[in-house]
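Notes for the one structure printed next.
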Amino acid sequence: MSATPQRGKRYSDPRRAARPRPASVRGRRPAGRRRVAKLRRLLRPWVLMSVVTVLVGLGYLLYYTGLFAVREVRIDGLKALSAEEIRTAANVPEGTPLLQVDTAEVAARIGTVPRVFTVNVERSFPSSLVVTVDERTPVGVFNGAEGPQLVDGTGRAYATVPKPPDGLPVVKVRSAAPDDPAAKAAVDVLAAVPDKLKPEVLEVSAEVPGDVRLQLIGGREVRWGSTADSGRKAQVLEPLLGRPGKIFNISSPDLPTVV
């Protein structure tokens, strides 16, 4: 008796299923995918050219036109100086494209103002330059040929004033300049004096860098010597001033003397 085929099931020849497709059929792309790939190849140079054109145009707008030009010079950090003094020194004409402004060159021009210690110049798009100024801080007064001059922590006399400010000691040196070793030693010693004792200092003098002296209220004198071991000398000085005497020698901090 022959077997009756079951309904609902299809018969497939396993030899037909295992038959490989020709190579020409396996490697053939659908026509739609071929058209998309061809279109991409055609568009790629145009897209690249468009990007370059946009970048060049943007660069032209930034560098050559007034779209991003200086309309404001903002000054921060001023104390004694005026904003107009800084703007005049900066010398940046209004309408100059921001990218054409050499910020280092502008900072160098502002740095020639005697009261300026440090300066930073930055662009602030779309239309501003921001100038941040750190003014010199006076630590003493030098009596120069032109009158009282403020001296900063570098030893530089940077500004002539009609009257010395209260509370600043006289800096008695031959030349108030950073390249004068005696002047530099004098202001370094002033910086090392404990804050509690600073109001008592009337004068700091230095004929040579190794012989710095302080004149205090009450006719007392501190012979500091050189700037070596200034931290140790500052520690010794405060309790030493509690002793009776007029001359306090701490040039050798391990062997201080009072006369």
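Labels for the structure tokens follow display order: chains A, B, ..., residues from 1 in each chain, ligands from 1.
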
Exercise for review: Could you give me, as a PyMOL selection string, the residues within 6 Å of Pro169 in chain A, counting only C-alpha atoms and dropping anything in the same chain fewer than 5 positions from it?
Suggested key: chain A and resi 140+202-203

Can those selected residues be exported to a file as a CSV table (one decimal), in the first residue's frame so that it contains C-alpha atoms?
chain,number,residue,atom,x,y,z
A,140,GLY,CA,56.8,103.0,50.2
A,202,LEU,CA,58.9,105.0,59.3
A,203,GLU,CA,61.9,104.4,56.9

Practice item. Just the strand (DSSP E) stuff from range 84-220 of chain A, please, per backbone DSSP, written as a PyMOL selection string. Key: chain A and resi 116-124+128-135+138-144+147-152+157-160+170-172+201-206+212-216+220

Check your understanding: Of the residues A:Pro114, A:Pro209, A:Pro138, A:Gly231, which is the one nearest to Val173 in chain A, using only C-alpha atoms?
Key -> A:Pro209

Revision key, fill the gap. Computed gap from CA of Ser226 in chain A to CA of Val170 in chain A is 18.5 Å

**Study point:** Shell of 7 Å around Asp211 in chain A, only C-alpha atoms, local chain residues under 2 positions omitted, as a list in words
**Key:** Ala206, Glu207, Val208, Pro209, Arg213, Trp224, Gly225 and Ser226 of chain A

Practice item. Please identify which residues in range 92-183 of chain A DSSP calls alpha helix (DSSP H) from the backbone, and express them as a VMD selection string. Key: chain A and resid 103 to 110 181 to 183

List every residue of range 129-204 of chain A that has an atom at most 9 Å from any atom of range 80-99 of chain A, giving for each one its closest atom pair and the distance in Å to one decimal, counting only C-alpha atoms, sorted by chain and then by ascending residue number, as a Markdown table.
| residue | atom | partner | partner_atom | distance |
| --- | --- | --- | --- | --- |
| A:Leu129 | CA | A:Leu98 | CA | 7.9 |
| A:Val131 | CA | A:Ile86 | CA | 8.6 |
| A:Val133 | CA | A:Ile86 | CA | 8.9 |
| A:Glu135 | CA | A:Ala80 | CA | 7.9 |

Study note, to complete from the structure: Nearest to Thr118 in chain A, restricted to only C-alpha atoms and choosing among A:Gly77, A:Gly219, A:Pro253, A:Pro199, comes out as A:Gly77

Review point. What is the CA of Pro126 in chain A to CA of Leu67 in chain A distance in Å?
Key: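 Those two atoms sit 7.9 Å apart.
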
Exercise for review: Give me, please, the distance in Å between CA of Thr160 in chain A and CA of Ala185 in chain A, quoted to one decimal.
Suggested key: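 Interatomic distance, CA of Thr160 in chain A to CA of Ala185 in chain A: 21.8 Å.
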
Exercise for review: Return the single residue from A:Val151, A:Ala182, A:Val101, A:Val189 that is closest to Ser251 in chain A, with distances computed using only C-alpha atoms.
Suggested key: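 Looking only at the distances to Ser251 in chain A, the closest residue turns out to be A:Val189.
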
Name the residues in contact with Glu221 in chain A at a cut-off of 6 Å, using only C-alpha atoms, excluding same-chain residues fewer than 6 positions from it; report them as a PDB file with C-alpha atoms, in the first residue's frame.
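Result file is selection-v6.pdb:
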ATOM      1  CA  LEU A 214      64.570 100.026  59.477  1.00  0.00           C
ATOM      2  CA  GLN A 215      63.719 103.177  61.415  1.00  0.00           C
ATOM      3  CA  ILE A 247      69.264  99.419  68.283  1.00  0.00           C
TER       4      ILE A 247
END
